[in-house]
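Source file coords_33.txt; content: compact mmCIF, C-alpha atoms (C1' of nucleotides).
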```
# COMPACT_ATOMS: atom_id res chain seq x y z
CA MET A 1 -5.43 -3.12 3.42
CA PRO A 2 -5.40 0.37 4.89
CA GLU A 3 -6.46 3.23 2.62
CA LEU A 4 -7.51 6.75 3.53
CA PRO A 5 -10.71 5.92 5.49
CA GLU A 6 -8.91 3.20 7.41
CA VAL A 7 -6.00 5.50 8.22
CA GLU A 8 -8.41 8.21 9.36
CA VAL A 9 -10.10 5.74 11.72
CA VAL A 10 -6.67 4.95 13.16
CA ARG A 11 -5.78 8.66 13.40
CA ARG A 12 -8.92 9.38 15.41
CA GLY A 13 -8.08 6.54 17.75
CA LEU A 14 -4.53 7.79 18.25
CA ASP A 15 -5.74 11.32 18.83
CA SER A 16 -7.98 10.23 21.67
CA TRP A 17 -5.71 7.61 23.24
CA VAL A 18 -2.17 8.92 22.72
CA SER A 19 -2.28 12.74 22.54
CA GLY A 20 -0.89 14.43 25.63
CA ARG A 21 1.05 11.39 26.79
CA VAL A 22 4.79 10.92 27.13
CA VAL A 23 6.74 8.10 25.50
CA GLU A 24 8.55 6.55 28.43
CA ARG A 25 10.36 3.96 26.37
CA ALA A 26 10.55 2.92 22.73
CA THR A 27 11.55 -0.61 21.76
CA VAL A 28 12.31 -1.60 18.18
CA LEU A 29 11.74 -5.33 17.83
CA ASP A 30 12.44 -5.47 14.09
CA PRO A 31 14.83 -2.93 12.51
CA ARG A 32 13.16 -3.42 9.12
CA ALA A 33 10.08 -1.60 10.44
CA VAL A 34 12.13 1.56 11.04
CA ARG A 35 14.42 1.34 8.00
CA ARG A 36 13.23 4.77 6.85
CA HIS A 37 14.74 6.27 9.97
CA GLY A 38 18.13 7.10 8.54
CA ASP A 39 19.98 7.16 11.87
CA GLY A 40 19.02 3.61 12.78
CA PRO A 41 16.76 1.91 15.33
CA ARG A 42 18.85 2.78 18.37
CA ASP A 43 18.67 6.49 17.53
CA LEU A 44 14.90 6.23 17.14
CA GLU A 45 14.58 4.59 20.56
CA LEU A 46 16.75 7.25 22.22
CA SER A 47 15.02 10.15 20.44
CA LEU A 48 11.55 9.00 21.44
CA ALA A 49 12.36 8.35 25.10
CA GLY A 50 10.77 11.17 27.11
CA ALA A 51 9.11 12.78 24.07
CA SER A 52 5.59 14.22 24.43
CA VAL A 53 2.92 13.40 21.85
CA LEU A 54 1.05 16.58 20.90
CA GLY A 55 -1.54 15.21 18.47
CA ALA A 56 -2.28 12.91 15.53
CA VAL A 57 -2.33 14.24 11.96
CA ARG A 58 -3.00 12.62 8.61
CA ARG A 59 -2.46 13.54 4.99
CA GLY A 60 -3.54 10.84 2.61
CA LYS A 61 -2.22 7.56 3.99
CA PHE A 62 0.63 9.20 5.87
CA LEU A 63 0.08 9.57 9.61
CA TRP A 64 2.25 11.51 11.98
CA LEU A 65 2.38 12.35 15.67
CA PRO A 66 3.86 15.81 16.27
CA ILE A 67 6.19 15.39 19.23
CA ARG A 68 8.21 17.56 21.59
CA LEU A 69 11.54 15.96 22.37
CA ALA A 70 12.64 15.39 25.97
CA ASP A 71 15.34 18.07 25.84
CA GLU A 72 13.00 20.79 24.56
CA ALA A 73 11.18 23.36 26.72
CA PRO A 74 7.83 22.15 28.14
CA ASP A 75 5.93 24.87 26.27
CA ALA A 76 7.83 24.48 22.99
CA ALA A 77 5.92 23.64 19.82
CA ALA A 78 6.55 20.32 18.10
CA SER A 79 9.69 20.38 15.98
CA VAL A 80 9.65 16.75 14.89
CA ALA A 81 7.02 14.23 13.83
CA LEU A 82 6.89 10.51 14.38
CA MET A 83 5.86 9.36 10.93
CA ALA A 84 3.80 6.23 10.46
CA HIS A 85 2.75 4.49 7.27
CA LEU A 86 0.68 1.33 7.52
CA GLY A 87 1.66 0.03 4.09
CA MET A 88 -0.23 -3.12 3.20
CA SER A 89 -0.71 -4.66 6.59
CA GLY A 90 0.34 -2.23 9.30
CA GLN A 91 -1.62 -1.79 12.50
CA LEU A 92 -1.23 0.68 15.35
CA LEU A 93 -2.76 -0.90 18.43
CA ILE A 94 -3.39 0.50 21.89
CA GLU A 95 -2.97 -2.32 24.38
CA GLY A 96 -2.09 -3.08 27.94
CA ALA A 97 1.49 -4.15 28.67
CA SER A 98 0.26 -7.55 29.82
CA ALA A 99 -1.57 -8.30 26.56
CA PRO A 100 0.07 -11.12 24.55
CA LEU A 101 2.57 -9.80 22.02
CA GLU A 102 1.34 -10.08 18.44
CA ARG A 103 3.31 -12.38 16.16
CA HIS A 104 4.30 -9.48 13.91
CA ALA A 105 4.79 -6.77 16.53
CA ARG A 106 7.67 -4.59 15.30
CA VAL A 107 7.83 -1.55 17.60
CA ILE A 108 6.47 -0.90 21.10
CA LEU A 109 6.03 2.50 22.71
CA ASP A 110 5.46 2.48 26.47
CA LEU A 111 3.33 5.50 27.32
CA SER A 112 2.85 7.49 30.50
CA GLU A 113 0.06 6.37 32.83
CA ARG A 114 -3.51 7.38 32.09
CA ALA A 115 -6.25 5.90 34.20
CA ASP A 116 -8.68 5.23 31.36
CA ALA A 117 -6.19 4.10 28.70
CA PRO A 118 -3.89 1.12 28.04
CA SER A 119 -0.19 1.78 28.39
CA GLN A 120 1.32 0.62 25.08
CA LEU A 121 1.15 1.70 21.48
CA ARG A 122 2.25 -1.19 19.29
CA PHE A 123 3.16 -1.12 15.61
CA VAL A 124 2.29 -4.48 14.11
CA ASP A 125 3.04 -5.21 10.45
CA GLN A 126 2.96 -8.60 8.80
CA ARG A 127 4.34 -7.66 5.37
CA LEU A 128 6.68 -4.85 6.43
CA PHE A 129 5.58 -2.42 3.75
CA GLY A 130 4.85 0.13 6.46
CA GLY A 131 7.09 1.69 9.06
CA LEU A 132 7.86 4.32 11.65
CA TRP A 133 10.48 7.05 11.45
CA LEU A 134 11.21 10.59 12.59
CA SER A 135 11.03 13.60 10.31
CA PRO A 136 11.53 17.30 11.11
CA LEU A 137 8.52 19.60 10.78
CA GLU A 138 8.62 22.53 8.37
CA PRO A 139 6.05 25.21 7.36
CA THR A 140 3.52 24.16 4.71
CA SER A 141 4.03 25.73 1.29
CA ASP A 142 0.50 27.18 1.24
CA GLY A 143 0.27 28.31 4.85
CA LEU A 144 -2.68 25.99 5.49
CA PRO A 145 -2.79 23.27 8.17
CA GLY A 146 -0.61 20.32 7.27
CA GLY A 147 -3.39 17.77 7.29
CA THR A 148 -6.49 16.42 8.98
CA GLY A 149 -6.24 16.77 12.73
CA SER A 150 -3.86 19.70 12.66
CA GLY A 151 -4.49 23.38 13.20
CA ASP A 152 -0.84 24.04 12.65
CA PRO A 153 0.59 25.11 9.26
CA SER A 154 3.47 22.65 9.43
CA ILE A 155 4.20 19.33 7.77
CA PRO A 156 6.98 16.76 8.11
CA VAL A 157 9.72 17.06 5.50
CA ASP A 158 8.98 13.46 4.48
CA GLY A 159 5.31 14.28 3.93
CA ALA A 160 5.74 17.48 1.95
CA HIS A 161 5.69 15.64 -1.39
CA VAL A 162 2.23 14.21 -0.64
CA ALA A 163 -0.60 16.14 -2.27
CA ARG A 164 -3.67 17.15 -0.29
CA ASP A 165 -6.03 14.26 0.10
CA VAL A 166 -9.52 13.57 -1.14
CA LEU A 167 -11.22 14.52 2.14
CA ASP A 168 -9.20 17.71 2.59
CA PRO A 169 -11.49 20.70 1.92
CA ALA A 170 -8.41 22.58 0.65
CA LEU A 171 -8.32 20.27 -2.40
CA GLU A 172 -10.35 21.92 -5.15
CA ALA A 173 -11.67 20.36 -8.35
CA GLY A 174 -10.06 23.10 -10.43
CA THR A 175 -6.63 22.33 -9.00
CA LEU A 176 -7.11 18.63 -9.65
CA TYR A 177 -8.25 19.31 -13.22
CA ALA A 178 -5.16 21.42 -13.88
CA SER A 179 -2.97 18.61 -12.57
CA LEU A 180 -4.72 15.86 -14.56
CA HIS A 181 -4.91 17.92 -17.72
CA ARG A 182 -1.11 17.85 -18.01
CA ARG A 183 -0.91 14.09 -17.82
CA SER A 184 -1.14 11.63 -20.66
CA THR A 185 -1.17 8.64 -18.31
CA ALA A 186 -4.23 6.50 -17.51
CA ILE A 187 -6.69 8.07 -15.08
CA LYS A 188 -6.26 5.26 -12.58
CA ALA A 189 -2.48 5.75 -12.51
CA ALA A 190 -3.04 9.47 -12.04
CA ILE A 191 -5.40 9.18 -9.08
CA LEU A 192 -3.14 6.57 -7.48
CA ASP A 193 -0.24 9.03 -7.71
CA GLN A 194 0.07 10.50 -4.20
CA GLY A 195 1.65 13.59 -5.73
CA VAL A 196 -1.54 14.39 -7.64
CA LEU A 197 -4.01 13.71 -4.86
CA SER A 198 -3.44 11.46 -1.91
CA GLY A 199 -5.32 8.79 -0.06
CA VAL A 200 -6.59 6.81 -3.05
CA GLY A 201 -5.58 3.16 -3.22
CA ASN A 202 -6.50 0.34 -5.53
CA ILE A 203 -9.85 -0.47 -3.92
CA TYR A 204 -11.31 3.02 -3.82
CA ALA A 205 -9.85 3.93 -7.22
CA ASP A 206 -11.85 1.08 -8.76
CA GLU A 207 -14.97 2.03 -6.80
CA ALA A 208 -14.85 5.71 -7.75
CA LEU A 209 -14.12 4.92 -11.42
CA TRP A 210 -17.07 2.53 -11.42
CA ARG A 211 -19.34 5.21 -9.95
CA ALA A 212 -18.07 7.70 -12.56
CA ARG A 213 -18.42 5.06 -15.33
CA LEU A 214 -14.84 5.61 -16.41
CA HIS A 215 -12.49 2.93 -17.73
CA TYR A 216 -9.21 2.89 -15.80
CA LEU A 217 -7.21 3.37 -19.02
CA THR A 218 -8.95 6.62 -19.98
CA PRO A 219 -6.19 9.22 -20.47
CA ALA A 220 -6.27 11.68 -17.58
CA SER A 221 -5.81 14.60 -19.96
CA ARG A 222 -9.00 13.65 -21.82
CA LEU A 223 -11.32 14.31 -18.86
CA SER A 224 -13.32 17.51 -19.02
CA ARG A 225 -13.39 19.92 -16.10
CA ALA A 226 -16.92 18.73 -15.27
CA LYS A 227 -15.90 15.05 -15.39
CA VAL A 228 -12.96 15.69 -13.07
CA ALA A 229 -15.31 17.43 -10.62
CA GLU A 230 -17.69 14.48 -10.85
CA LEU A 231 -14.87 12.00 -10.26
CA LEU A 232 -13.68 13.98 -7.23
CA THR A 233 -17.22 13.93 -5.85
CA HIS A 234 -17.38 10.15 -6.31
CA LEU A 235 -13.99 9.75 -4.62
CA ARG A 236 -15.16 11.86 -1.69
CA ASN A 237 -18.45 10.00 -1.43
CA VAL A 238 -16.89 6.55 -1.50
CA MET A 239 -14.33 7.58 1.11
CA THR A 240 -17.00 9.16 3.32
CA ASP A 241 -19.21 6.08 3.04
CA ALA A 242 -16.25 3.86 3.93
CA LEU A 243 -15.33 6.06 6.86
CA ALA A 244 -18.88 5.83 8.21
CA ALA A 245 -18.59 2.05 8.01
CA GLY A 246 -15.29 2.03 9.87
CA GLY A 247 -13.26 1.23 6.78
CA THR A 248 -12.93 -1.73 4.45
CA SER A 249 -11.75 -5.07 5.71
CA PHE A 250 -11.18 -8.24 3.75
CA ASP A 251 -9.29 -9.99 6.49
CA SER A 252 -7.69 -9.28 9.84
CA LEU A 253 -4.96 -7.11 8.33
CA TYR A 254 -6.87 -3.89 8.80
CA VAL A 255 -8.11 -3.00 12.27
CA ASN A 256 -8.52 0.21 14.24
CA VAL A 257 -6.51 0.97 17.38
CA ASN A 258 -8.84 -1.27 19.39
CA GLY A 259 -8.36 -4.20 17.01
CA ALA A 260 -11.83 -3.99 15.43
CA SER A 261 -12.41 -4.36 11.66
CA GLY A 262 -14.58 -2.19 9.41
CA TYR A 263 -17.37 -3.53 7.25
CA PHE A 264 -17.43 -1.33 4.12
CA ASP A 265 -16.33 -4.29 1.97
CA ARG A 266 -19.98 -5.35 2.02
CA SER A 267 -20.83 -2.11 0.20
CA LEU A 268 -18.26 -2.39 -2.59
CA ASN A 269 -19.73 -2.51 -6.09
CA ALA A 270 -16.68 -3.20 -8.23
CA TYR A 271 -13.61 -4.29 -6.28
CA GLY A 272 -13.71 -8.02 -5.56
CA ARG A 273 -16.99 -8.49 -7.47
CA GLU A 274 -15.54 -10.43 -10.40
CA GLY A 275 -18.25 -12.30 -12.29
CA GLU A 276 -21.12 -10.52 -10.58
CA ALA A 277 -23.71 -8.36 -12.33
CA CYS A 278 -22.94 -4.64 -12.37
CA ALA A 279 -25.36 -2.73 -10.12
CA HIS A 280 -25.65 0.12 -12.65
CA CYS A 281 -26.58 -2.37 -15.35
CA VAL A 282 -29.00 -4.30 -13.16
CA ALA A 283 -30.86 -1.04 -12.49
CA ALA A 284 -30.99 -0.33 -16.23
CA ALA A 285 -31.84 -3.95 -17.18
CA ARG A 286 -28.57 -4.36 -19.11
CA PRO A 287 -26.24 -7.37 -19.09
CA GLY A 288 -23.06 -5.71 -17.79
CA ARG A 289 -20.78 -7.78 -15.54
CA ILE A 290 -17.77 -6.99 -13.40
CA VAL A 291 -14.48 -8.35 -14.70
CA ARG A 292 -11.02 -8.41 -13.17
CA GLU A 293 -8.08 -7.42 -15.34
CA LYS A 294 -4.38 -7.24 -14.64
CA TRP A 295 -2.97 -3.81 -15.12
CA GLY A 296 0.13 -2.17 -13.76
CA GLY A 297 1.02 -5.23 -11.73
CA ARG A 298 -2.28 -5.32 -9.84
CA SER A 299 -5.94 -6.13 -10.29
CA SER A 300 -8.47 -3.71 -11.72
CA TYR A 301 -12.21 -4.31 -11.59
CA ARG A 302 -14.63 -2.72 -14.06
CA CYS A 303 -17.99 -3.25 -15.71
CA THR A 304 -17.79 -4.55 -19.27
CA ARG A 305 -20.68 -2.35 -20.35
CA CYS A 306 -20.61 0.98 -18.53
CA GLN A 307 -16.80 1.23 -18.29
CA ARG A 308 -15.81 0.51 -21.85
CA VAL A 309 -12.27 0.57 -23.20
CA PRO A 310 -11.50 4.13 -24.36
CA ARG A 311 -10.84 4.74 -28.02
CA VAL A 312 -7.21 5.50 -28.74
C1' DG B 1 10.22 15.79 -15.92
C1' DG B 2 6.96 12.13 -16.96
C1' DA B 3 6.01 7.31 -17.30
C1' DG B 4 6.67 2.56 -16.51
C1' DA B 5 8.98 -1.45 -14.41
C1' DG B 6 10.95 -3.71 -10.60
C1' DA B 7 11.90 -4.39 -5.71
C1' DC B 8 10.52 -4.79 -1.10
C1' DC B 9 7.82 -8.33 2.08
C1' DT B 10 5.04 -12.35 4.15
C1' DG B 11 0.99 -15.39 4.47
C1' DC B 12 -2.12 -17.97 1.99
C1' DG B 13 -3.99 -20.94 -1.46
C1' DA B 14 -3.49 -23.67 -5.62
C1' DG B 15 -1.15 -27.11 -8.00
C1' DC B 16 1.85 -30.91 -8.28
C1' DT C 1 1.99 -34.49 3.27
C1' DG C 2 5.20 -31.27 1.75
C1' DC C 3 7.15 -28.38 -1.56
C1' DT C 4 7.02 -24.58 -5.05
C1' DC C 5 4.97 -20.81 -7.09
C1' DG C 6 1.88 -16.95 -7.81
C1' DC C 7 -0.74 -13.41 -5.79
C1' DA C 8 -2.03 -9.46 -2.87
C1' DG C 9 -0.44 -4.01 -3.29
C1' DG C 10 1.72 1.16 -1.39
C1' DT C 11 5.70 3.40 -2.09
C1' DC C 12 10.36 4.14 -3.47
C1' DT C 13 14.04 3.79 -6.80
C1' DC C 14 15.84 3.19 -11.15
C1' DT C 15 15.75 3.44 -16.12
C1' DC C 16 14.24 5.16 -20.45
```

Here is the file; what I need is its structure written in the form of structure tokens.
Amino acid sequence: MPELPEVEVVRRGLDSWVSGRVVERATVLDPRAVRRHGDGPRDLELSLAGASVLGAVRRGKFLWLPIRLADEAPDAAASVALMAHLGMSGQLLIEGASAPLERHARVILDLSERADAPSQLRFVDQRLFGGLWLSPLEPTSDGLPGGTGSGDPSIPVDGAHVARDVLDPALEAGTLYASLHRRSTAIKAAILDQGVLSGVGNIYADEALWRARLHYLTPASRLSRAKVAELLTHLRNVMTDALAAGGTSFDSLYVNVNGASGYFDRSLNAYGREGEACAHCVAAARPGRIVREKWGGRSSYRCTRCQRVPRV
DNA sequence: GGAGAGACCTGCGAGC
DNA sequence: TGCTCGCAGGTCTCTC
């Protein structure tokens, strides 16, 4: 399932294949994929027709394409963003118009001709947790670029609630500590909260907590400033490692814009390793094993020995 | 305002 | 063989 590294791989693909092109036609095949567009699928189709794509930006797991609408001046800055969230199973694929339509294709954008690039951007989503919609751009609250891939201090209204993500150099450990220090909730819930820091999903939360030797139920407010800085470093490292590997893929649900899967799942130490020996413990000749536990409606993986249950 | 639970959604595998 | 059920999980909404 797409998390921050996977979304960044997709963003880079969109930036190279879609930026500078015009949407000649938008076709919504399944209205459920654009349900977050308040004015309905027909309005989305009409708004996108003739719009120019000016880039590809990401904050956390939210992607957006700043666009200039057809009725705006050719030199005008983007006033609106085409938002995209991949949810659990979303894919944004660049394909030729003659390529067979995917079973779960939901939206098709026909793009202006470019000799070296296919002509369609397709949004494919099996489970429909993701979607596309339009959102107006507004200035960022801190005057900094809105996200990765942008030099422009603007952000979509629908992305303004999302905190800066793990790979954003503007996110500082001190800011994260101040945010966590106010929370009595479990550390895993805190780092999954996109309003605290963005881009962390279930897989990488478990991996970073394993690297930091923290139990997922440890109260966020109990972490020292140094431990928060260490956790942020682990989060950044695990994301960077995953990005270098092209993302994590357990099945065909996550692919880049060319349809290729990543291979970081082979490097995971906690997530999906139920019953296996913990790598920390193997190195220290201890008997720790990875267990899977249900928490918050989803699975959490931890080592029984180096991620012990916190004392209440 | 913070925290937790439930809903959304579909394909797959297990169990009967 | 075919049916039912549980599971996977990011985000939003609702309730307390």

Subject >> Surrounding residues of B:DC8 excluding itself and chain neighbours under 2 positions, 10 Å, all atoms listed in the file, as a count of residues only >> reply: 6

**OP:** Please identify all polymer residues lying at most 12 Å from the point (0.6, -8.4, -4.3) (file coordinates), using all atoms listed in the file, and present the result as a VMD selection string.
**Re:** (chain A and resid 1 87 to 89 127 129 202 294 296 to 299) or (chain B and resid 8 to 12) or (chain C and resid 6 to 10)

Using 6 Å of padding on each side, determine the axis-aligned box around all atoms of stretch 1-13 of chain B present in the file and give its centre and edge lengths in Å to one decimal, as JSON.
```
{"center_x": 4.0, "center_y": -2.6, "center_z": -6.4, "size_x": 27.9, "size_y": 48.7, "size_z": 33.8}
```

Subject >> Residue nearest A:Leu48 - candidates A:Ala77, A:Ser16, A:Gly146, A:Leu132, atoms counted: only C-alpha atoms >> reply: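 Among the listed residues, A:Leu132 lies closest to A:Leu48.
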
**OP:** Please report as number ranges by chain which residues of chain A come no farther than 12 Å from chain B, using all atoms listed in the file.
**Re:** A: 32-33, 35, 87-89, 104, 125-130, 182-186, 189-190, 193, 251-253, 295-297

**OP:** Enter the distance from atom CA of A:Pro310 to atom CA of A:Leu209, in Å, rounded to one decimal.
**Re:**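 That distance, rounded to one decimal, is 13.2 Å.
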
**OP:** Please measure the separation of atom CA of A:Ile191 and atom CA of A:Ser150, giving the value in Å to one decimal.
**Re:**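 Computed distance, atom CA of A:Ile191 to atom CA of A:Ser150, equals 24.2 Å.
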
Subject >> Interatomic distance, atom CA of A:Arg211 to atom CA of A:Ala279 (Å, one decimal) >> reply: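 Taking atom CA of A:Arg211 as the start and atom CA of A:Ala279 as the end point, the length is 10.0 Å.
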
**OP:** Name all residues at most 6 Å from stretch 67-76 of chain A (count all atoms listed in the file; drop same-chain ones fewer than 5 positions away) and give them as number ranges by chain.
**Re:** A: 50-54, 81

Original post:
Which residue, A:Leu167, A:Cys303, A:Leu144, A:Ile108, has the smallest gap to A:Arg122 when you use all atoms listed in the file?
Top reply: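 Using all atoms listed in the file, the shortest distance to A:Arg122 belongs to A:Ile108.
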
Subject >> Of the listed residues A:Gly288, A:Pro153, A:Pro139, A:Gly131, that which approaches chain C most closely, counting only C-alpha atoms (C1' of nucleotides) >> reply: A:Gly131

Original post:
Can you tell me, as a PyMOL selection string, what residues are no more than 12 Å from stretch 93-101 of chain A when counting only C-alpha atoms (C1' of nucleotides), ignoring any on the same chain fewer than 6 positions away?
Top reply: chain A and resi 9-11+13-18+29+86+107-125+254-260
